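S.K.: Please see the structure below; I have some questions.
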Amino acid sequence: MKRLLASLAMIFAATAATAEEVTTFTLDNGMEVVVIEDHRAPVVVHMLWYKVGSADEPVGASGVAHFLEHLLFKATDVLESGEFSATVAANGGSDNAFTSYDYTAYFQRIAADRLELMMQMESNRMNNLQMTPEDIVTERNVVLEERNQRTENSPNALAREQFTAALYQNHRYGVPIIGWKHEMEQLELEDTQAFYDLYYAPNNAVLVVAGDVEPAEVLALAEQYYGVIPAEDQLPERIRPQEPPQRAERRITYVDPRVSQPFLVRNYLAPERDPGAQEEAAALVYLAELLGGSSFTSDLGQALQFDTQTAIYTNASYGGSSLDKTTFSFAVVPADGITLSDAEAAMDQVIADFMEAAIDPARMESIRTQLRASQVYALDDVSGIARRYGAALTQSLTVEDVQAWPDVLQAVTPEDIKAVAAKVFDRNQSVTGWVVPSQEEAM
């Protein structure tokens with residue numbers, strides 16, 4: 001096994017040296033353009049990323065960023081409602097969009113010779129969306145039903161929503177991306193129009209084009225279609241309210257008779273990836289894998305699922321992709337006959353033991369190899385590559401940060417992991433949540 005891991009590491013290191021070819025431009029109106037060449041297939045991914053997400057919404061209008069994402073598939077001055085996606089499909093492509101806390105993105109995957117058509121349509125809806133009161137009513141019902149299906153009908157989703165709100169009491173990360181239902185119900189044309197007019201502008205956007213393209217060709221098309229759109233001179237500085245120091249542990253018990261399996265979650269505030277300073281985030285990637293990655297190799301999995309059979313599921317996760325402070329989370333689903341109190345105590349003991357013991361060098365090397373392998377395999381996914389750059393650039397990172405990330409990951413040491421664990425694992429900076437079907441089971 002050691003020889004196999006060593007061989008894989010050599011292969012992956014050699015392959016990873018052939019990284020994606022990236023060229024960047026900035027148009028006169030402030031729009032960033034990123035071109036990632038991949039000439040293996042005559043396919044292109046065209047992605048437009050706006051540096052605005054749910055955490056940038058006005059207070060009282062939660063959900064407007066996601067709502068506007070839906071409305072962008074309605075009519076423009078030259079496209080009928082639904083014509084955008086119909087045209088993409090008629091040309092053999094696919095398209096979609098997504099909203100996060102920090103960005104909203106629209107993308108198409110299509111034959112490379114249809115790139116100009118995509119730019120023509122996408123640039124058109126950047127500045128010429130024609131929203132109507134009827135669109136607002138129809139699409140508001142759609143997003144409310146989406147919330148019903150994904151959140152209101154899921155006790156687990158409702159519980160996690162409350163836990164996040166408890167962790168972020170001042171920052172807008174505490175507000176769900178889809179929005180609070182009572183605020184979503186009040187969204188009107190004026191809300192979406194104001195949000196669109198302010199944030200959907202070239203100087204607040206990043207265009208990522210990946211695939212069988214030449215940088216000069218992309219630049220010429222971008223200048224032709226996006227470069228003529230004026231910049232937004234009222235674009236606000238991107239400053240969010242930050243969390244004040246948390247000085248006491250927070251605990252929540254969420255009771256819902258629909259819960260079929262009790263479980264517990266603990267969330268800690270944790271550092272995000274920052275420009276030129278990604279070392280702590282890289283160490284947290286290892287920490288999550290060591291404590292709660294594979295149930296067969298992680299400390300939580302081995303101790304709780306196999307050695308003591310205290311739990312049927314364990315996990316540790318870290319969300320490093322974030323503009324502001326992010327989370328490091330644990331989750332444990334206790335086995336039958338095990339109380340949440342006992343399961344939490346067992347989890348805490350594993351964490352304490354981890355902090356006291358040395359990290360196995362073989363496990364460190366195994367994680368290094370896995371990370372290198374995943375980075376190499378990712379080179380085959382042109383959409384994934386485009387998404388990696390788009391997300392990074394809308395969350396304050398640079399192209400150089402994205403390209404440095406694999407080496408930063410490989411440089412992590414056991415000392416780095418222990419240092420960041422000691423910094424993050426402060427119970428006074430955490431929220432522990434129990435999810436149970438009845439108050440009697442909250443023991």
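Going by the structure tokens order, chains are called A, B, ..., each with residues numbered from 1, while ligands are numbered from 1 in the order shown.
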Tell me, as a PDB file with N, CA and C atoms, in the first residue's frame, which residues lie within 12 Å of Lys418 in chain A, counting only C-alpha atoms; anything in the same chain fewer than 6 positions away does not count.

M.R.:
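Output file out17.pdb follows:
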```pdb
ATOM      1  N   GLU A 280      -4.324  28.788   6.788  1.00  0.00           N
ATOM      2  CA  GLU A 280      -5.227  28.266   7.816  1.00  0.00           C
ATOM      3  C   GLU A 280      -6.372  27.481   7.184  1.00  0.00           C
ATOM      4  N   ALA A 283      -5.162  24.066   6.274  1.00  0.00           N
ATOM      5  CA  ALA A 283      -5.038  23.202   7.448  1.00  0.00           C
ATOM      6  C   ALA A 283      -6.408  22.701   7.900  1.00  0.00           C
ATOM      7  N   LEU A 284      -7.445  23.543   7.759  1.00  0.00           N
ATOM      8  CA  LEU A 284      -8.799  23.130   8.150  1.00  0.00           C
ATOM      9  C   LEU A 284      -9.352  22.062   7.217  1.00  0.00           C
ATOM     10  N   TYR A 286      -7.551  19.609   6.021  1.00  0.00           N
ATOM     11  CA  TYR A 286      -6.985  18.387   6.603  1.00  0.00           C
ATOM     12  C   TYR A 286      -7.692  18.026   7.899  1.00  0.00           C
ATOM     13  N   LEU A 287      -7.959  19.030   8.725  1.00  0.00           N
ATOM     14  CA  LEU A 287      -8.599  18.779  10.021  1.00  0.00           C
ATOM     15  C   LEU A 287      -9.951  18.104   9.830  1.00  0.00           C
ATOM     16  N   ALA A 288     -10.739  18.572   8.866  1.00  0.00           N
ATOM     17  CA  ALA A 288     -12.041  17.966   8.609  1.00  0.00           C
ATOM     18  C   ALA A 288     -11.895  16.521   8.152  1.00  0.00           C
ATOM     19  N   LEU A 290      -9.307  14.469   8.772  1.00  0.00           N
ATOM     20  CA  LEU A 290      -8.769  13.648   9.858  1.00  0.00           C
ATOM     21  C   LEU A 290      -9.843  13.288  10.884  1.00  0.00           C
ATOM     22  N   LEU A 291     -10.679  14.258  11.219  1.00  0.00           N
ATOM     23  CA  LEU A 291     -11.675  14.026  12.270  1.00  0.00           C
ATOM     24  C   LEU A 291     -12.955  13.383  11.755  1.00  0.00           C
ATOM     25  N   ILE A 351     -12.570  14.606  20.080  1.00  0.00           N
ATOM     26  CA  ILE A 351     -11.907  15.873  19.774  1.00  0.00           C
ATOM     27  C   ILE A 351     -10.769  16.132  20.769  1.00  0.00           C
ATOM     28  N   ALA A 352     -11.030  15.874  22.053  1.00  0.00           N
ATOM     29  CA  ALA A 352      -9.996  16.077  23.080  1.00  0.00           C
ATOM     30  C   ALA A 352      -8.816  15.137  22.867  1.00  0.00           C
ATOM     31  N   ASP A 353      -9.111  13.881  22.533  1.00  0.00           N
ATOM     32  CA  ASP A 353      -8.031  12.921  22.282  1.00  0.00           C
ATOM     33  C   ASP A 353      -7.201  13.342  21.074  1.00  0.00           C
ATOM     34  N   PHE A 354      -7.880  13.857  20.044  1.00  0.00           N
ATOM     35  CA  PHE A 354      -7.159  14.313  18.853  1.00  0.00           C
ATOM     36  C   PHE A 354      -6.192  15.436  19.204  1.00  0.00           C
ATOM     37  N   MET A 355      -6.622  16.346  20.056  1.00  0.00           N
ATOM     38  CA  MET A 355      -5.768  17.478  20.409  1.00  0.00           C
ATOM     39  C   MET A 355      -4.553  17.045  21.212  1.00  0.00           C
ATOM     40  N   GLU A 356      -4.655  15.931  21.921  1.00  0.00           N
ATOM     41  CA  GLU A 356      -3.552  15.460  22.756  1.00  0.00           C
ATOM     42  C   GLU A 356      -2.571  14.565  21.995  1.00  0.00           C
ATOM     43  N   ALA A 357      -3.064  13.811  21.024  1.00  0.00           N
ATOM     44  CA  ALA A 357      -2.239  12.812  20.345  1.00  0.00           C
ATOM     45  C   ALA A 357      -1.520  13.399  19.138  1.00  0.00           C
ATOM     46  N   ALA A 358      -0.438  12.728  18.755  1.00  0.00           N
ATOM     47  CA  ALA A 358       0.273  13.122  17.538  1.00  0.00           C
ATOM     48  C   ALA A 358      -0.517  12.658  16.313  1.00  0.00           C
ATOM     49  N   ILE A 359      -0.391  13.405  15.222  1.00  0.00           N
ATOM     50  CA  ILE A 359      -1.067  13.027  13.977  1.00  0.00           C
ATOM     51  C   ILE A 359      -0.214  12.014  13.240  1.00  0.00           C
ATOM     52  N   VAL A 412       0.823  21.775   4.041  1.00  0.00           N
ATOM     53  CA  VAL A 412       0.270  21.738   5.396  1.00  0.00           C
ATOM     54  C   VAL A 412       1.032  20.738   6.261  1.00  0.00           C
ATOM     55  N   VAL A 424      -9.886  27.279  16.486  1.00  0.00           N
ATOM     56  CA  VAL A 424     -11.298  27.150  16.096  1.00  0.00           C
ATOM     57  C   VAL A 424     -12.131  26.475  17.168  1.00  0.00           C
ATOM     58  N   PHE A 425     -11.583  25.432  17.813  1.00  0.00           N
ATOM     59  CA  PHE A 425     -12.382  24.637  18.747  1.00  0.00           C
ATOM     60  C   PHE A 425     -12.506  25.318  20.116  1.00  0.00           C
TER      61      PHE A 425
END
```

S.K.: Write down as number ranges by chain the residues of range 98-183 of chain A whose backbone DSSP state falls under helix (DSSP H, G or I).

M.R.: A: 112-127, 133-152, 155-167, 172-174, 181-183

S.K.: So the first atom is CA of Ala220 in chain A and the second is CA of Met47 in chain A; what is the distance between them in Å, to one decimal place?

M.R.: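 Those two atoms sit 16.5 Å apart.
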
S.K.: With 10 Å as the cut-off and only C-alpha atoms counted, what is the closest atom pair between each nearby residue of range 188-283 of chain A and range 133-137 of chain A? Distances in Å to one decimal, ordered by chain and number, as a Markdown table.

M.R.:
```
| residue | atom | partner | partner_atom | distance |
| --- | --- | --- | --- | --- |
| A:Glu188 | CA | A:Ile136 | CA | 6.6 |
| A:Leu189 | CA | A:Ile136 | CA | 6.2 |
| A:Glu190 | CA | A:Pro133 | CA | 9.6 |
| A:Thr192 | CA | A:Ile136 | CA | 8.7 |
```

S.K.: Would you save the residues of that selection, restricted to N, CA, C and O atoms, as an mmCIF file, in the first residue's frame?

M.R.:
```cif
data_model
loop_
_atom_site.group_PDB
_atom_site.id
_atom_site.type_symbol
_atom_site.label_atom_id
_atom_site.label_comp_id
_atom_site.auth_asym_id
_atom_site.auth_seq_id
_atom_site.Cartn_x
_atom_site.Cartn_y
_atom_site.Cartn_z
ATOM 1 N N GLU A 188 -41.667 42.584 -4.038
ATOM 2 C CA GLU A 188 -42.417 43.214 -5.114
ATOM 3 C C GLU A 188 -41.487 43.616 -6.256
ATOM 4 O O GLU A 188 -40.263 43.492 -6.160
ATOM 5 N N LEU A 189 -42.081 44.113 -7.315
ATOM 6 C CA LEU A 189 -41.321 44.528 -8.487
ATOM 7 C C LEU A 189 -40.266 45.569 -8.127
ATOM 8 O O LEU A 189 -39.134 45.530 -8.629
ATOM 9 N N GLU A 190 -40.611 46.492 -7.238
ATOM 10 C CA GLU A 190 -39.671 47.549 -6.861
ATOM 11 C C GLU A 190 -38.411 46.978 -6.216
ATOM 12 O O GLU A 190 -37.306 47.490 -6.428
ATOM 13 N N THR A 192 -36.999 43.891 -6.710
ATOM 14 C CA THR A 192 -36.154 43.219 -7.697
ATOM 15 C C THR A 192 -35.566 44.207 -8.689
ATOM 16 O O THR A 192 -34.400 44.073 -9.095
#
```

S.K.: Using only C-alpha atoms, which residues of range 320-384 of chain A come within 12 Å of range 172-178 of chain A, and what is the closest atom pair for each, with the distance in Å to one decimal? Give it as a tab-separated table, sorted by chain and residue number.

M.R.:
```
residue	atom	partner	partner_atom	distance
A:Ser322	CA	A:Tyr173	CA	10.0
A:Leu323	CA	A:Tyr173	CA	10.3
A:Asp324	CA	A:Tyr173	CA	8.8
A:Lys325	CA	A:Tyr173	CA	9.2
A:Thr326	CA	A:Tyr173	CA	8.8
A:Thr327	CA	A:Tyr173	CA	10.4
```

S.K.: What does the file look like for those residues with all heavy atoms, as a PDB file, in the first residue's frame?

M.R.:
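Below is the file that was written, selection_32.pdb:
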```
ATOM      1  N   SER A 322     -15.670  31.194   0.943  1.00  0.00           N
ATOM      2  CA  SER A 322     -16.539  32.160   1.604  1.00  0.00           C
ATOM      3  C   SER A 322     -15.854  33.518   1.601  1.00  0.00           C
ATOM      4  O   SER A 322     -14.635  33.611   1.746  1.00  0.00           O
ATOM      5  CB  SER A 322     -16.812  31.700   3.051  1.00  0.00           C
ATOM      6  OG  SER A 322     -17.623  32.592   3.737  1.00  0.00           O
ATOM      7  N   LEU A 323     -16.633  34.580   1.424  1.00  0.00           N
ATOM      8  CA  LEU A 323     -16.046  35.915   1.450  1.00  0.00           C
ATOM      9  C   LEU A 323     -15.687  36.330   2.871  1.00  0.00           C
ATOM     10  O   LEU A 323     -14.660  36.965   3.111  1.00  0.00           O
ATOM     11  CB  LEU A 323     -17.027  36.926   0.842  1.00  0.00           C
ATOM     12  CG  LEU A 323     -16.564  38.377   0.791  1.00  0.00           C
ATOM     13  CD1 LEU A 323     -15.287  38.530  -0.025  1.00  0.00           C
ATOM     14  CD2 LEU A 323     -17.661  39.269   0.221  1.00  0.00           C
ATOM     15  N   ASP A 324     -16.546  35.970   3.830  1.00  0.00           N
ATOM     16  CA  ASP A 324     -16.323  36.302   5.230  1.00  0.00           C
ATOM     17  C   ASP A 324     -16.186  35.029   6.056  1.00  0.00           C
ATOM     18  O   ASP A 324     -16.173  33.930   5.509  1.00  0.00           O
ATOM     19  CB  ASP A 324     -17.477  37.177   5.737  1.00  0.00           C
ATOM     20  CG  ASP A 324     -17.563  38.499   4.989  1.00  0.00           C
ATOM     21  OD1 ASP A 324     -16.526  39.163   4.823  1.00  0.00           O
ATOM     22  OD2 ASP A 324     -18.675  38.867   4.551  1.00  0.00           O
ATOM     23  N   LYS A 325     -16.127  35.181   7.377  1.00  0.00           N
ATOM     24  CA  LYS A 325     -15.904  34.022   8.235  1.00  0.00           C
ATOM     25  C   LYS A 325     -16.896  32.908   7.943  1.00  0.00           C
ATOM     26  O   LYS A 325     -18.083  33.133   7.774  1.00  0.00           O
ATOM     27  CB  LYS A 325     -16.000  34.427   9.707  1.00  0.00           C
ATOM     28  CG  LYS A 325     -14.687  34.932  10.273  1.00  0.00           C
ATOM     29  CD  LYS A 325     -14.685  34.855  11.798  1.00  0.00           C
ATOM     30  CE  LYS A 325     -13.285  35.165  12.324  1.00  0.00           C
ATOM     31  NZ  LYS A 325     -13.220  35.068  13.798  1.00  0.00           N
ATOM     32  N   THR A 326     -16.375  31.694   7.924  1.00  0.00           N
ATOM     33  CA  THR A 326     -17.168  30.541   7.546  1.00  0.00           C
ATOM     34  C   THR A 326     -17.343  29.601   8.738  1.00  0.00           C
ATOM     35  O   THR A 326     -17.184  30.013   9.886  1.00  0.00           O
ATOM     36  CB  THR A 326     -16.510  29.840   6.343  1.00  0.00           C
ATOM     37  OG1 THR A 326     -17.342  28.776   5.898  1.00  0.00           O
ATOM     38  CG2 THR A 326     -15.125  29.314   6.682  1.00  0.00           C
ATOM     39  N   THR A 327     -17.667  28.336   8.467  1.00  0.00           N
ATOM     40  CA  THR A 327     -17.965  27.395   9.549  1.00  0.00           C
ATOM     41  C   THR A 327     -17.155  26.115   9.434  1.00  0.00           C
ATOM     42  O   THR A 327     -16.834  25.650   8.339  1.00  0.00           O
ATOM     43  CB  THR A 327     -19.456  27.016   9.561  1.00  0.00           C
ATOM     44  OG1 THR A 327     -19.802  26.447   8.294  1.00  0.00           O
ATOM     45  CG2 THR A 327     -20.326  28.234   9.807  1.00  0.00           C
TER      46      THR A 327
END
```

S.K.: For Leu304 in chain A, which residue among A:Ser94, A:Gln349, A:Asn267, A:Gln234 is the nearest when counting only C-alpha atoms?

M.R.: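 Smallest distance to Leu304 in chain A is found for A:Gln349.
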
S.K.: Give me every strand (DSSP E or B) residue in range 154-297 of chain A, going by DSSP on the backbone, as a ChimeraX atom specification.

M.R.: /A:205-211,250-255,263-270,274,277

S.K.: Which residues are close to Val59 in chain A, i.e. within 12 Å by only C-alpha atoms, leaving aside same-chain residues fewer than 3 positions away? Reply as a list in words.

M.R.: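 Skipping anything fewer than 3 positions along the chain leaves Ser54, Ala55, Asp56, Ser62, Gly63, Val64, Asn170, His171, Arg172, Val175, Gly179, Trp180, Glu183, Asp191, Arg240 and Pro241 of chain A.
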
S.K.: Any chance you could tabulate, as a tab-separated table, the residues of range 143-258 of chain A at most 8 Å from range 25-39 of chain A with each one's nearest atom pair and distance in Å to one decimal, using only C-alpha atoms, in chain and rising number order?

M.R.:
```
residue	atom	partner	partner_atom	distance
A:Pro202	CA	A:Met31	CA	4.7
A:Asn203	CA	A:Gly30	CA	4.3
A:Asn204	CA	A:Met31	CA	6.8
A:Ala205	CA	A:Met31	CA	5.7
A:Val206	CA	A:Glu32	CA	4.8
A:Leu207	CA	A:Val33	CA	4.7
A:Val208	CA	A:Val34	CA	4.7
A:Val209	CA	A:Val35	CA	5.0
A:Ala210	CA	A:Ile36	CA	4.5
A:Gly211	CA	A:Asp38	CA	4.5
A:Asp212	CA	A:His39	CA	4.4
A:Val213	CA	A:Glu37	CA	6.0
A:Glu214	CA	A:Glu37	CA	6.9
A:Pro215	CA	A:Val35	CA	5.9
A:Val218	CA	A:Val35	CA	7.3
A:Leu219	CA	A:Phe25	CA	7.4
A:Ala222	CA	A:Val33	CA	7.9
A:Glu223	CA	A:Leu27	CA	6.9
A:Gly227	CA	A:Leu27	CA	6.2
A:Val228	CA	A:Asn29	CA	8.0
A:Ile229	CA	A:Asn29	CA	7.4
A:Pro230	CA	A:Asn29	CA	6.2
A:Ala231	CA	A:Asn29	CA	5.2
```

S.K.: Take the residues that were just selected and, keeping N, CA, C and O atoms, output them as a PDB file, in the first residue's frame.

M.R.:
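Output below, filename part06.pdb:
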```pdb
ATOM      1  N   PRO A 202     -21.527  45.590 -15.451  1.00  0.00           N
ATOM      2  CA  PRO A 202     -20.256  44.961 -15.855  1.00  0.00           C
ATOM      3  C   PRO A 202     -19.140  45.125 -14.829  1.00  0.00           C
ATOM      4  O   PRO A 202     -18.297  44.225 -14.687  1.00  0.00           O
ATOM      5  N   ASN A 203     -19.109  46.242 -14.120  1.00  0.00           N
ATOM      6  CA  ASN A 203     -18.061  46.442 -13.116  1.00  0.00           C
ATOM      7  C   ASN A 203     -18.336  45.684 -11.831  1.00  0.00           C
ATOM      8  O   ASN A 203     -17.563  45.780 -10.877  1.00  0.00           O
ATOM      9  N   ASN A 204     -19.422  44.899 -11.806  1.00  0.00           N
ATOM     10  CA  ASN A 204     -19.698  44.018 -10.669  1.00  0.00           C
ATOM     11  C   ASN A 204     -19.770  42.569 -11.127  1.00  0.00           C
ATOM     12  O   ASN A 204     -20.359  41.730 -10.455  1.00  0.00           O
ATOM     13  N   ALA A 205     -19.161  42.268 -12.285  1.00  0.00           N
ATOM     14  CA  ALA A 205     -19.291  40.939 -12.879  1.00  0.00           C
ATOM     15  C   ALA A 205     -17.936  40.372 -13.285  1.00  0.00           C
ATOM     16  O   ALA A 205     -16.994  41.111 -13.575  1.00  0.00           O
ATOM     17  N   VAL A 206     -17.886  39.051 -13.293  1.00  0.00           N
ATOM     18  CA  VAL A 206     -16.725  38.310 -13.776  1.00  0.00           C
ATOM     19  C   VAL A 206     -17.211  37.349 -14.854  1.00  0.00           C
ATOM     20  O   VAL A 206     -18.092  36.519 -14.599  1.00  0.00           O
ATOM     21  N   LEU A 207     -16.664  37.469 -16.049  1.00  0.00           N
ATOM     22  CA  LEU A 207     -16.983  36.545 -17.139  1.00  0.00           C
ATOM     23  C   LEU A 207     -15.904  35.469 -17.184  1.00  0.00           C
ATOM     24  O   LEU A 207     -14.713  35.782 -17.286  1.00  0.00           O
ATOM     25  N   VAL A 208     -16.320  34.213 -17.087  1.00  0.00           N
ATOM     26  CA  VAL A 208     -15.395  33.091 -17.181  1.00  0.00           C
ATOM     27  C   VAL A 208     -15.783  32.265 -18.392  1.00  0.00           C
ATOM     28  O   VAL A 208     -16.923  31.789 -18.491  1.00  0.00           O
ATOM     29  N   VAL A 209     -14.859  32.095 -19.314  1.00  0.00           N
ATOM     30  CA  VAL A 209     -15.083  31.283 -20.508  1.00  0.00           C
ATOM     31  C   VAL A 209     -14.030  30.189 -20.515  1.00  0.00           C
ATOM     32  O   VAL A 209     -12.824  30.473 -20.515  1.00  0.00           O
ATOM     33  N   ALA A 210     -14.477  28.952 -20.507  1.00  0.00           N
ATOM     34  CA  ALA A 210     -13.548  27.814 -20.435  1.00  0.00           C
ATOM     35  C   ALA A 210     -13.874  26.825 -21.545  1.00  0.00           C
ATOM     36  O   ALA A 210     -15.048  26.536 -21.812  1.00  0.00           O
ATOM     37  N   GLY A 211     -12.823  26.303 -22.187  1.00  0.00           N
ATOM     38  CA  GLY A 211     -13.040  25.278 -23.215  1.00  0.00           C
ATOM     39  C   GLY A 211     -12.208  25.538 -24.448  1.00  0.00           C
ATOM     40  O   GLY A 211     -11.101  26.092 -24.384  1.00  0.00           O
ATOM     41  N   ASP A 212     -12.768  25.168 -25.588  1.00  0.00           N
ATOM     42  CA  ASP A 212     -12.038  25.212 -26.855  1.00  0.00           C
ATOM     43  C   ASP A 212     -12.115  26.619 -27.451  1.00  0.00           C
ATOM     44  O   ASP A 212     -12.828  26.866 -28.437  1.00  0.00           O
ATOM     45  N   VAL A 213     -11.394  27.538 -26.837  1.00  0.00           N
ATOM     46  CA  VAL A 213     -11.414  28.937 -27.253  1.00  0.00           C
ATOM     47  C   VAL A 213     -10.000  29.504 -27.243  1.00  0.00           C
ATOM     48  O   VAL A 213      -9.102  28.966 -26.588  1.00  0.00           O
ATOM     49  N   GLU A 214      -9.832  30.622 -27.965  1.00  0.00           N
ATOM     50  CA  GLU A 214      -8.587  31.366 -27.936  1.00  0.00           C
ATOM     51  C   GLU A 214      -8.826  32.674 -27.178  1.00  0.00           C
ATOM     52  O   GLU A 214      -9.862  33.323 -27.361  1.00  0.00           O
ATOM     53  N   PRO A 215      -7.903  33.074 -26.318  1.00  0.00           N
ATOM     54  CA  PRO A 215      -8.105  34.289 -25.527  1.00  0.00           C
ATOM     55  C   PRO A 215      -8.429  35.525 -26.354  1.00  0.00           C
ATOM     56  O   PRO A 215      -9.314  36.314 -25.981  1.00  0.00           O
ATOM     57  N   VAL A 218     -12.063  35.474 -27.402  1.00  0.00           N
ATOM     58  CA  VAL A 218     -12.965  35.764 -26.284  1.00  0.00           C
ATOM     59  C   VAL A 218     -12.943  37.252 -25.962  1.00  0.00           C
ATOM     60  O   VAL A 218     -13.990  37.879 -25.730  1.00  0.00           O
ATOM     61  N   LEU A 219     -11.765  37.853 -25.937  1.00  0.00           N
ATOM     62  CA  LEU A 219     -11.655  39.272 -25.635  1.00  0.00           C
ATOM     63  C   LEU A 219     -12.416  40.108 -26.656  1.00  0.00           C
ATOM     64  O   LEU A 219     -13.144  41.046 -26.289  1.00  0.00           O
ATOM     65  N   ALA A 222     -16.091  39.708 -26.005  1.00  0.00           N
ATOM     66  CA  ALA A 222     -16.468  40.358 -24.745  1.00  0.00           C
ATOM     67  C   ALA A 222     -16.527  41.865 -24.919  1.00  0.00           C
ATOM     68  O   ALA A 222     -17.441  42.532 -24.401  1.00  0.00           O
ATOM     69  N   GLU A 223     -15.580  42.418 -25.633  1.00  0.00           N
ATOM     70  CA  GLU A 223     -15.595  43.859 -25.879  1.00  0.00           C
ATOM     71  C   GLU A 223     -16.802  44.256 -26.730  1.00  0.00           C
ATOM     72  O   GLU A 223     -17.430  45.293 -26.508  1.00  0.00           O
ATOM     73  N   GLY A 227     -18.573  44.983 -23.450  1.00  0.00           N
ATOM     74  CA  GLY A 227     -17.806  46.216 -23.299  1.00  0.00           C
ATOM     75  C   GLY A 227     -18.598  47.476 -23.569  1.00  0.00           C
ATOM     76  O   GLY A 227     -18.202  48.568 -23.133  1.00  0.00           O
ATOM     77  N   VAL A 228     -19.715  47.369 -24.275  1.00  0.00           N
ATOM     78  CA  VAL A 228     -20.517  48.552 -24.602  1.00  0.00           C
ATOM     79  C   VAL A 228     -21.514  48.905 -23.496  1.00  0.00           C
ATOM     80  O   VAL A 228     -22.173  49.946 -23.562  1.00  0.00           O
ATOM     81  N   ILE A 229     -21.619  48.051 -22.476  1.00  0.00           N
ATOM     82  CA  ILE A 229     -22.554  48.304 -21.380  1.00  0.00           C
ATOM     83  C   ILE A 229     -21.877  49.237 -20.371  1.00  0.00           C
ATOM     84  O   ILE A 229     -20.768  48.961 -19.918  1.00  0.00           O
ATOM     85  N   PRO A 230     -22.510  50.331 -20.020  1.00  0.00           N
ATOM     86  CA  PRO A 230     -21.855  51.278 -19.093  1.00  0.00           C
ATOM     87  C   PRO A 230     -21.717  50.713 -17.684  1.00  0.00           C
ATOM     88  O   PRO A 230     -22.545  49.926 -17.229  1.00  0.00           O
ATOM     89  N   ALA A 231     -20.672  51.140 -17.023  1.00  0.00           N
ATOM     90  CA  ALA A 231     -20.449  50.745 -15.636  1.00  0.00           C
ATOM     91  C   ALA A 231     -21.484  51.418 -14.737  1.00  0.00           C
ATOM     92  O   ALA A 231     -22.058  52.456 -15.075  1.00  0.00           O
TER      93      ALA A 231
END
```

S.K.: Counting only C-alpha atoms, which of A:Arg388, A:Asn128, A:Gly92, A:Ala112 gets nearest to Val78 in chain A?

M.R.: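 Ranked by minimum distance to Val78 in chain A, first place goes to A:Asn128.
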
S.K.: Rank nothing, just name the residue among A:Ala277, A:Ser260, A:Leu397, A:Phe330 nearest to Ser438 in chain A, using only C-alpha atoms.

M.R.: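 For Ser438 in chain A, the nearest of the given residues is A:Ser260.
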
S.K.: Could you list, as a ChimeraX atom specification, every residue within 12 Å of Ser294 in chain A, counting only C-alpha atoms and ignoring same-chain residues fewer than 4 positions away?

M.R.: /A:288-290,298-302,305,313-317,363,367,370

S.K.: Need the shell around Val88 in chain A: protein/DNA/RNA residues with any atom at most 9 Å away, counting only C-alpha atoms. Skip same-chain ones fewer than 2 positions apart. Format as a PyMOL selection string?

M.R.: chain A and resi 83-86+90-95+108-110+117-118

S.K.: Fewer than 4 positions away in the same chain doesn't count, so skip those; otherwise give me all residues within 12 Å of Glu80 in chain A, counting only C-alpha atoms, as an mmCIF file with N, CA and C atoms, in the first residue's frame.

M.R.:
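Okay, selection-v6.cif is ready:
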```
data_model
loop_
_atom_site.group_PDB
_atom_site.id
_atom_site.type_symbol
_atom_site.label_atom_id
_atom_site.label_comp_id
_atom_site.auth_asym_id
_atom_site.auth_seq_id
_atom_site.Cartn_x
_atom_site.Cartn_y
_atom_site.Cartn_z
ATOM 1 N N LEU A 72 -34.454 36.397 -14.288
ATOM 2 C CA LEU A 72 -33.596 36.647 -15.444
ATOM 3 C C LEU A 72 -33.903 35.727 -16.618
ATOM 4 N N PHE A 73 -34.730 34.711 -16.400
ATOM 5 C CA PHE A 73 -35.124 33.833 -17.497
ATOM 6 C C PHE A 73 -36.438 34.291 -18.130
ATOM 7 N N LYS A 74 -36.915 35.474 -17.712
ATOM 8 C CA LYS A 74 -38.101 36.061 -18.310
ATOM 9 C C LYS A 74 -37.685 36.898 -19.531
ATOM 10 N N ALA A 75 -38.552 37.806 -19.947
ATOM 11 C CA ALA A 75 -38.332 38.547 -21.189
ATOM 12 C C ALA A 75 -37.311 39.675 -21.025
ATOM 13 N N THR A 76 -36.634 39.987 -22.136
ATOM 14 C CA THR A 76 -35.805 41.183 -22.245
ATOM 15 C C THR A 76 -36.398 42.033 -23.370
ATOM 16 N N PHE A 84 -34.571 32.454 -23.854
ATOM 17 C CA PHE A 84 -33.137 32.277 -23.604
ATOM 18 C C PHE A 84 -32.801 30.786 -23.518
ATOM 19 N N SER A 85 -33.433 30.068 -22.586
ATOM 20 C CA SER A 85 -33.127 28.647 -22.397
ATOM 21 C C SER A 85 -33.546 27.821 -23.607
ATOM 22 N N ALA A 86 -34.638 28.204 -24.254
ATOM 23 C CA ALA A 86 -35.085 27.474 -25.443
ATOM 24 C C ALA A 86 -34.055 27.583 -26.566
ATOM 25 N N THR A 87 -33.443 28.752 -26.687
ATOM 26 C CA THR A 87 -32.420 28.946 -27.720
ATOM 27 C C THR A 87 -31.173 28.125 -27.412
ATOM 28 N N MET A 121 -26.774 36.917 -25.963
ATOM 29 C CA MET A 121 -27.975 36.806 -25.135
ATOM 30 C C MET A 121 -27.691 37.181 -23.684
ATOM 31 N N ARG A 125 -29.387 40.358 -21.301
ATOM 32 C CA ARG A 125 -30.178 40.345 -20.075
ATOM 33 C C ARG A 125 -29.443 40.965 -18.886
ATOM 34 N N ASN A 128 -31.061 44.674 -19.969
ATOM 35 C CA ASN A 128 -32.331 44.934 -20.653
ATOM 36 C C ASN A 128 -33.459 44.017 -20.212
ATOM 37 N N LEU A 129 -33.421 43.555 -18.970
ATOM 38 C CA LEU A 129 -34.495 42.707 -18.462
ATOM 39 C C LEU A 129 -35.789 43.518 -18.359
ATOM 40 N N GLN A 130 -36.894 42.898 -18.767
ATOM 41 C CA GLN A 130 -38.202 43.565 -18.765
ATOM 42 C C GLN A 130 -39.124 42.845 -17.785
ATOM 43 N N MET A 131 -39.003 43.155 -16.512
ATOM 44 C CA MET A 131 -39.844 42.515 -15.505
ATOM 45 C C MET A 131 -41.235 43.148 -15.484
#
```
